[in-house]
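As structure tokens, the structure follows; a few thoughts come after it.
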Amino acid sequence: MPPCKAEVKKLSFFYGTMQALHQIDLPLADKHVTALVGPSGCGKSTLLRCFNRIHDLYPNTRYDGEIILYPSGANIVDKSIDPIEMRMRIGMVFQKPNPFPKSIFENVAYGLRLKGITNKTELKDRVEVALTSTAIWEEIKDRLNKSAYELSGGQQQRLCIARAVAAEPEMLLMDEPCSALDPIASAKIEDLIRELRKKYAVLIVTHNMQQASRASDYTAFMYLGRLVEFGTTTDIFTNPKSKETEDYVTGRFG
Amino acid sequence: MDKQTAKIVARRKLEDRIFNALGIFCTLVALSTLALLLGDLLVTGLSRIDWQFLTSFPSRKAERSGILSSWVGSLVVMCVTGCTAVPLGIAAGVYMEEYGRKGRINTIIEVNIANLAGVPSIIYGLMALGIFVYYLGLGQSVLAGGLTLAVLILPIVIVSTREALRTVPVQIREAAYALGASKWQVISHHLLRYSLGGISTGVIIAISRAIGETAPLITIGALTFIAFLPTSPLAEPFPEHLTDWLHSPFAVLPIQMFNWTSRPTEDFHRNAAAAGIILIAVTLSLNAVAIFVRHRVRRHIKW
Ligand SMILES: Nc1ncnc2c1ncn2[C@@H]1O[C@H](COP(=O)(O)OP(=O)(O)OP(=O)(O)O)[C@@H](O)[C@H]1O
Ligand SMILES: [Mg+2]
């Protein structure tokens, strides 16, 4: 296994008294894509959202265990770590495209502004870089000042990815980024994910097994809040060790 | 269709028609009452509105009377009301919606604020008489009047702020937080901006309610007959009179109107009707502005 970007160690998570994650152990390889698969309600989103501590926004949530971020070795879910700084270092893309009701430019520039970048030319350059890297620059370069809501769903999602990568995070989280898109738009996002892998560690939740097998290097299978199996995507899909994994990835699972 | 079904359908249709007719009747009653009222007001008062009416002080002679002191009074009182109730109300709404922990205390406060909106306004007048006029020694001044109305409309501003904030979808909040925004940044860069339409609608409605309030101002002792204006804050020598207007006695439009209706002669009643028309016009245009603002702000926001 290549060097780790992050490592989940004995992580449990609670919504109030309901334990949603049980003692998860999971390494995330740097500059590789790790797919998180499993039946609905097994805790994929919950695990993903631990990485940027977005659970902190809601009352009565509790983490137990560690997520170590390398190279610093800091424990992301530790109370002493500032979640705001963590969120600047770890980008997230949501299931439904959620651009701000602002201009296309302002959407992408927002993360940069939060980092304190105010220089106009620098903002412009970095917005262009981000939009180019998400393969949407050519389509929208003439309407940067138009509302982001004028874009199609697929374009909006690529805009949201650009927004997440503009501030150059160290890692990218994606929660079913294609589930609201048609196959062509999904294919574009998949290409994009393979491109993003060159720079980031990517953790992606998906329900689409073809997508997982095409776009990811490692796959983790979760079931009922536990991590059942983790391995290279090839192994998980062709040679799974557990019966549940096999049933799920071959589509025989309920 | 068998007979049984046909019968049921026929009955449903009849019910529909009856309810429809009833609805139209009720609407007509309400509308025609309003139209009659407005019509009466217009017939009596419209011819009385002219430049002289707007620029004269009240007088013992009806035809020489005007509403100068009362519209200026309404304006300055609303300044005080707006400047205090709007920031306070928005801040309280933001606090309760975004910062306050959702618990029993918050629920109790919430219910009580909703109740406050329904307290008869004269009660606010009594409270203001005790607190602002006597205890704080503000006297029967513009400041006391403005603060009284501010307290009166505070619940409306708070409730509409909270409701407007609540319309911003959780996905937008999460998107902002996920980029590393602090709570205050999420509020100021996103929530307040996107809910501006709802908040300003609430504020305008609240102000237009305050303009028409009479009872609490009479309670604290607003004048019914006043033949001078508050000192201009710009009066020479300049900074000395900056806050004098706040301590000036005042009258407001509805009180002026009330005063005229209680006079015996017909001419004064015409004055009252004319003042009423102006009051209604101001209120209606404020509501129009509210609708316009909401429409404007929401144009780029779809959720
Ligand atoms: N806010 C919440 N409060 C309480 N329980 C929750 C909350 N969110 C999720 N859960 C529970 O936690 C478990 C895991 O949910 P999670 O959303 O992580 O599943 P998921 O694997 O992402 O499912 P899906 O594939 O449908 O998105 C579920 O049993 C769910 O009911
Ligand atoms: Mg999910």
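We name chains A, B, ... following the order of the structure tokens; residues begin at 1 in each chain, and ligands are numbered from 1 as shown.
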Report the residues of region 105-162 of chain B whose backbone DSSP state falls under helix (DSSP H, G or I), written as a PDB file with N, CA and C atoms, in the first residue's frame.
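Final output, saved to selection24.pdb:
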ATOM      1  N   ILE B 105     -35.492  26.226  27.545  1.00  0.00           N
ATOM      2  CA  ILE B 105     -35.519  27.679  27.747  1.00  0.00           C
ATOM      3  C   ILE B 105     -35.814  28.392  26.439  1.00  0.00           C
ATOM      4  N   ASN B 106     -35.153  27.928  25.386  1.00  0.00           N
ATOM      5  CA  ASN B 106     -35.378  28.534  24.083  1.00  0.00           C
ATOM      6  C   ASN B 106     -36.837  28.406  23.663  1.00  0.00           C
ATOM      7  N   THR B 107     -37.420  27.232  23.920  1.00  0.00           N
ATOM      8  CA  THR B 107     -38.821  27.024  23.559  1.00  0.00           C
ATOM      9  C   THR B 107     -39.730  27.982  24.330  1.00  0.00           C
ATOM     10  N   ILE B 108     -39.432  28.142  25.634  1.00  0.00           N
ATOM     11  CA  ILE B 108     -40.256  29.050  26.440  1.00  0.00           C
ATOM     12  C   ILE B 108     -40.159  30.477  25.888  1.00  0.00           C
ATOM     13  N   ILE B 109     -38.941  30.906  25.590  1.00  0.00           N
ATOM     14  CA  ILE B 109     -38.760  32.256  25.047  1.00  0.00           C
ATOM     15  C   ILE B 109     -39.531  32.398  23.738  1.00  0.00           C
ATOM     16  N   GLU B 110     -39.397  31.368  22.910  1.00  0.00           N
ATOM     17  CA  GLU B 110     -40.047  31.370  21.601  1.00  0.00           C
ATOM     18  C   GLU B 110     -41.566  31.562  21.725  1.00  0.00           C
ATOM     19  N   VAL B 111     -42.173  30.742  22.598  1.00  0.00           N
ATOM     20  CA  VAL B 111     -43.622  30.817  22.787  1.00  0.00           C
ATOM     21  C   VAL B 111     -44.010  32.203  23.295  1.00  0.00           C
ATOM     22  N   ASN B 112     -43.192  32.733  24.213  1.00  0.00           N
ATOM     23  CA  ASN B 112     -43.528  34.028  24.783  1.00  0.00           C
ATOM     24  C   ASN B 112     -43.396  35.161  23.788  1.00  0.00           C
ATOM     25  N   ILE B 113     -42.435  35.040  22.881  1.00  0.00           N
ATOM     26  CA  ILE B 113     -42.311  36.088  21.872  1.00  0.00           C
ATOM     27  C   ILE B 113     -43.523  36.067  20.958  1.00  0.00           C
ATOM     28  N   ALA B 114     -43.963  34.864  20.618  1.00  0.00           N
ATOM     29  CA  ALA B 114     -45.174  34.764  19.804  1.00  0.00           C
ATOM     30  C   ALA B 114     -46.356  35.377  20.558  1.00  0.00           C
ATOM     31  N   ASN B 115     -46.422  35.130  21.871  1.00  0.00           N
ATOM     32  CA  ASN B 115     -47.502  35.715  22.666  1.00  0.00           C
ATOM     33  C   ASN B 115     -47.420  37.233  22.705  1.00  0.00           C
ATOM     34  N   LEU B 116     -46.191  37.737  22.822  1.00  0.00           N
ATOM     35  CA  LEU B 116     -46.016  39.191  22.901  1.00  0.00           C
ATOM     36  C   LEU B 116     -46.642  39.887  21.703  1.00  0.00           C
ATOM     37  N   SER B 121     -52.010  46.639  22.368  1.00  0.00           N
ATOM     38  CA  SER B 121     -50.944  47.634  22.329  1.00  0.00           C
ATOM     39  C   SER B 121     -51.018  48.610  23.504  1.00  0.00           C
ATOM     40  N   ILE B 122     -52.212  48.769  24.081  1.00  0.00           N
ATOM     41  CA  ILE B 122     -52.310  49.718  25.194  1.00  0.00           C
ATOM     42  C   ILE B 122     -51.488  49.246  26.393  1.00  0.00           C
ATOM     43  N   ILE B 123     -51.343  47.921  26.497  1.00  0.00           N
ATOM     44  CA  ILE B 123     -50.519  47.383  27.582  1.00  0.00           C
ATOM     45  C   ILE B 123     -49.075  47.842  27.412  1.00  0.00           C
ATOM     46  N   TYR B 124     -48.615  47.819  26.154  1.00  0.00           N
ATOM     47  CA  TYR B 124     -47.269  48.331  25.901  1.00  0.00           C
ATOM     48  C   TYR B 124     -47.183  49.790  26.311  1.00  0.00           C
ATOM     49  N   GLY B 125     -48.272  50.548  26.061  1.00  0.00           N
ATOM     50  CA  GLY B 125     -48.290  51.958  26.429  1.00  0.00           C
ATOM     51  C   GLY B 125     -48.125  52.128  27.928  1.00  0.00           C
ATOM     52  N   LEU B 126     -48.852  51.318  28.694  1.00  0.00           N
ATOM     53  CA  LEU B 126     -48.763  51.411  30.152  1.00  0.00           C
ATOM     54  C   LEU B 126     -47.353  51.095  30.633  1.00  0.00           C
ATOM     55  N   MET B 127     -46.785  50.014  30.036  1.00  0.00           N
ATOM     56  CA  MET B 127     -45.438  49.629  30.419  1.00  0.00           C
ATOM     57  C   MET B 127     -44.455  50.759  30.084  1.00  0.00           C
ATOM     58  N   ALA B 128     -44.626  51.347  28.907  1.00  0.00           N
ATOM     59  CA  ALA B 128     -43.717  52.408  28.480  1.00  0.00           C
ATOM     60  C   ALA B 128     -43.863  53.638  29.368  1.00  0.00           C
ATOM     61  N   LEU B 129     -45.092  53.919  29.783  1.00  0.00           N
ATOM     62  CA  LEU B 129     -45.320  55.066  30.661  1.00  0.00           C
ATOM     63  C   LEU B 129     -44.516  54.880  31.942  1.00  0.00           C
ATOM     64  N   GLY B 130     -44.575  53.686  32.491  1.00  0.00           N
ATOM     65  CA  GLY B 130     -43.831  53.404  33.714  1.00  0.00           C
ATOM     66  C   GLY B 130     -42.335  53.428  33.500  1.00  0.00           C
ATOM     67  N   ILE B 131     -41.881  52.725  32.456  1.00  0.00           N
ATOM     68  CA  ILE B 131     -40.435  52.550  32.300  1.00  0.00           C
ATOM     69  C   ILE B 131     -39.768  53.740  31.607  1.00  0.00           C
ATOM     70  N   PHE B 132     -40.228  54.015  30.393  1.00  0.00           N
ATOM     71  CA  PHE B 132     -39.526  55.046  29.614  1.00  0.00           C
ATOM     72  C   PHE B 132     -39.803  56.450  30.148  1.00  0.00           C
ATOM     73  N   VAL B 133     -41.099  56.758  30.362  1.00  0.00           N
ATOM     74  CA  VAL B 133     -41.457  58.134  30.690  1.00  0.00           C
ATOM     75  C   VAL B 133     -41.024  58.495  32.105  1.00  0.00           C
ATOM     76  N   TYR B 134     -41.375  57.627  33.070  1.00  0.00           N
ATOM     77  CA  TYR B 134     -41.077  57.999  34.461  1.00  0.00           C
ATOM     78  C   TYR B 134     -39.748  57.441  34.940  1.00  0.00           C
ATOM     79  N   TYR B 135     -39.571  56.123  34.853  1.00  0.00           N
ATOM     80  CA  TYR B 135     -38.386  55.521  35.456  1.00  0.00           C
ATOM     81  C   TYR B 135     -37.113  56.027  34.781  1.00  0.00           C
ATOM     82  N   VAL B 142     -40.206  62.295  21.740  1.00  0.00           N
ATOM     83  CA  VAL B 142     -40.055  61.463  20.546  1.00  0.00           C
ATOM     84  C   VAL B 142     -39.335  60.155  20.901  1.00  0.00           C
ATOM     85  N   LEU B 143     -38.304  60.285  21.721  1.00  0.00           N
ATOM     86  CA  LEU B 143     -37.532  59.103  22.100  1.00  0.00           C
ATOM     87  C   LEU B 143     -38.413  58.080  22.825  1.00  0.00           C
ATOM     88  N   ALA B 144     -39.188  58.552  23.799  1.00  0.00           N
ATOM     89  CA  ALA B 144     -40.064  57.637  24.541  1.00  0.00           C
ATOM     90  C   ALA B 144     -41.085  57.007  23.599  1.00  0.00           C
ATOM     91  N   GLY B 145     -41.675  57.822  22.714  1.00  0.00           N
ATOM     92  CA  GLY B 145     -42.678  57.299  21.772  1.00  0.00           C
ATOM     93  C   GLY B 145     -42.070  56.262  20.839  1.00  0.00           C
ATOM     94  N   GLY B 146     -40.899  56.595  20.287  1.00  0.00           N
ATOM     95  CA  GLY B 146     -40.248  55.680  19.355  1.00  0.00           C
ATOM     96  C   GLY B 146     -39.885  54.363  20.018  1.00  0.00           C
ATOM     97  N   LEU B 147     -39.389  54.448  21.238  1.00  0.00           N
ATOM     98  CA  LEU B 147     -39.009  53.225  21.940  1.00  0.00           C
ATOM     99  C   LEU B 147     -40.237  52.376  22.266  1.00  0.00           C
ATOM    100  N   THR B 148     -41.327  53.053  22.617  1.00  0.00           N
ATOM    101  CA  THR B 148     -42.563  52.320  22.918  1.00  0.00           C
ATOM    102  C   THR B 148     -42.991  51.482  21.713  1.00  0.00           C
ATOM    103  N   LEU B 149     -43.017  52.143  20.551  1.00  0.00           N
ATOM    104  CA  LEU B 149     -43.434  51.410  19.350  1.00  0.00           C
ATOM    105  C   LEU B 149     -42.396  50.353  18.977  1.00  0.00           C
ATOM    106  N   ALA B 150     -41.128  50.630  19.288  1.00  0.00           N
ATOM    107  CA  ALA B 150     -40.082  49.641  18.995  1.00  0.00           C
ATOM    108  C   ALA B 150     -40.341  48.351  19.769  1.00  0.00           C
ATOM    109  N   VAL B 151     -40.666  48.505  21.046  1.00  0.00           N
ATOM    110  CA  VAL B 151     -40.955  47.320  21.854  1.00  0.00           C
ATOM    111  C   VAL B 151     -42.164  46.589  21.282  1.00  0.00           C
ATOM    112  N   LEU B 152     -43.125  47.387  20.815  1.00  0.00           N
ATOM    113  CA  LEU B 152     -44.352  46.813  20.263  1.00  0.00           C
ATOM    114  C   LEU B 152     -44.078  45.947  19.030  1.00  0.00           C
ATOM    115  N   ILE B 153     -43.184  46.409  18.161  1.00  0.00           N
ATOM    116  CA  ILE B 153     -42.981  45.656  16.912  1.00  0.00           C
ATOM    117  C   ILE B 153     -41.807  44.683  16.992  1.00  0.00           C
ATOM    118  N   LEU B 154     -41.063  44.737  18.082  1.00  0.00           N
ATOM    119  CA  LEU B 154     -39.915  43.835  18.213  1.00  0.00           C
ATOM    120  C   LEU B 154     -40.271  42.368  17.947  1.00  0.00           C
ATOM    121  N   PRO B 155     -41.366  41.858  18.527  1.00  0.00           N
ATOM    122  CA  PRO B 155     -41.697  40.441  18.268  1.00  0.00           C
ATOM    123  C   PRO B 155     -41.911  40.155  16.785  1.00  0.00           C
ATOM    124  N   ILE B 156     -42.515  41.094  16.064  1.00  0.00           N
ATOM    125  CA  ILE B 156     -42.754  40.855  14.633  1.00  0.00           C
ATOM    126  C   ILE B 156     -41.421  40.743  13.899  1.00  0.00           C
ATOM    127  N   VAL B 157     -40.492  41.631  14.227  1.00  0.00           N
ATOM    128  CA  VAL B 157     -39.186  41.605  13.554  1.00  0.00           C
ATOM    129  C   VAL B 157     -38.445  40.304  13.899  1.00  0.00           C
ATOM    130  N   ILE B 158     -38.490  39.934  15.165  1.00  0.00           N
ATOM    131  CA  ILE B 158     -37.785  38.707  15.583  1.00  0.00           C
ATOM    132  C   ILE B 158     -38.357  37.487  14.863  1.00  0.00           C
ATOM    133  N   VAL B 159     -39.676  37.375  14.895  1.00  0.00           N
ATOM    134  CA  VAL B 159     -40.301  36.192  14.296  1.00  0.00           C
ATOM    135  C   VAL B 159     -40.039  36.141  12.798  1.00  0.00           C
ATOM    136  N   SER B 160     -40.130  37.285  12.109  1.00  0.00           N
ATOM    137  CA  SER B 160     -39.934  37.205  10.662  1.00  0.00           C
ATOM    138  C   SER B 160     -38.466  36.959  10.327  1.00  0.00           C
ATOM    139  N   THR B 161     -37.551  37.460  11.150  1.00  0.00           N
ATOM    140  CA  THR B 161     -36.136  37.149  10.925  1.00  0.00           C
ATOM    141  C   THR B 161     -35.898  35.645  11.048  1.00  0.00           C
ATOM    142  N   ARG B 162     -36.446  35.065  12.100  1.00  0.00           N
ATOM    143  CA  ARG B 162     -36.231  33.628  12.295  1.00  0.00           C
ATOM    144  C   ARG B 162     -36.829  32.824  11.156  1.00  0.00           C
TER     145      ARG B 162
END
Nearby residues, ligand 2, 12 Å, only C-alpha atoms and all ligand atoms, as a PyMOL selection string: chain A and resi 36-49+94-96+174-177+179+204-207+222
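Residues in contact with Gly154 (chain A) at up to 12 Å, not including ones fewer than 6 positions away on its chain and judged by only C-alpha atoms, are A:Gln95, A:Lys96, A:Pro97, A:Asn98, A:Pro99, A:Thr134, A:Ala135, A:Ile136, A:Glu139, A:Ala148, A:Cys160, A:Ile161, A:Pro177, A:Cys178, A:Ser179, A:Ala180, A:Leu181, A:Asp182, A:Pro183, A:Ile184, A:Ala185, A:Ser186, A:Ala187, A:Lys188, A:Ile189, A:Glu190.
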Write a file of the just-selected residues containing C-alpha atoms, as an mmCIF file, in the first residue's frame.
data_model
loop_
_atom_site.group_PDB
_atom_site.id
_atom_site.type_symbol
_atom_site.label_atom_id
_atom_site.label_comp_id
_atom_site.auth_asym_id
_atom_site.auth_seq_id
_atom_site.Cartn_x
_atom_site.Cartn_y
_atom_site.Cartn_z
ATOM 1 C CA GLN A 95 -24.759 14.542 -3.193
ATOM 2 C CA LYS A 96 -26.949 17.256 -4.630
ATOM 3 C CA PRO A 97 -25.185 20.156 -6.324
ATOM 4 C CA ASN A 98 -25.413 22.999 -3.809
ATOM 5 C CA PRO A 99 -23.959 26.169 -5.316
ATOM 6 C CA THR A 134 -12.890 20.468 -13.407
ATOM 7 C CA ALA A 135 -13.213 20.690 -17.207
ATOM 8 C CA ILE A 136 -15.877 23.349 -17.174
ATOM 9 C CA GLU A 139 -18.238 26.052 -21.174
ATOM 10 C CA ALA A 148 -24.634 29.714 -10.678
ATOM 11 C CA CYS A 160 -19.127 22.599 -6.743
ATOM 12 C CA ILE A 161 -16.094 20.398 -7.275
ATOM 13 C CA PRO A 177 -21.487 13.152 -6.365
ATOM 14 C CA CYS A 178 -23.164 11.665 -9.418
ATOM 15 C CA SER A 179 -26.434 10.442 -8.007
ATOM 16 C CA ALA A 180 -28.373 13.484 -9.203
ATOM 17 C CA LEU A 181 -26.848 13.379 -12.688
ATOM 18 C CA ASP A 182 -27.503 11.627 -15.978
ATOM 19 C CA PRO A 183 -24.992 9.037 -17.302
ATOM 20 C CA ILE A 184 -23.135 11.480 -19.544
ATOM 21 C CA ALA A 185 -22.678 14.060 -16.797
ATOM 22 C CA SER A 186 -21.676 11.215 -14.441
ATOM 23 C CA ALA A 187 -19.067 10.011 -16.916
ATOM 24 C CA LYS A 188 -17.564 13.491 -17.010
ATOM 25 C CA ILE A 189 -17.373 13.596 -13.225
ATOM 26 C CA GLU A 190 -15.765 10.157 -13.217
#
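Closest approach to Ser188 (chain B) among B:Leu223, B:Thr261, B:Ala91, B:Phe19: B:Ala91, based on only C-alpha atoms.
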9 Å contacts from chain A to chain B using only C-alpha atoms, as a ChimeraX atom specification: /A:52-54,57,59,83-94,96-102,110-111,114-115,147,149,160,163-164,167
Long-range neighbours of region 1-8 of chain A as a ChimeraX atom specification, 9 Å cut-off, only C-alpha atoms, 4 positions minimum in chain: /A:24-32,65-71,73,170-171,200-201
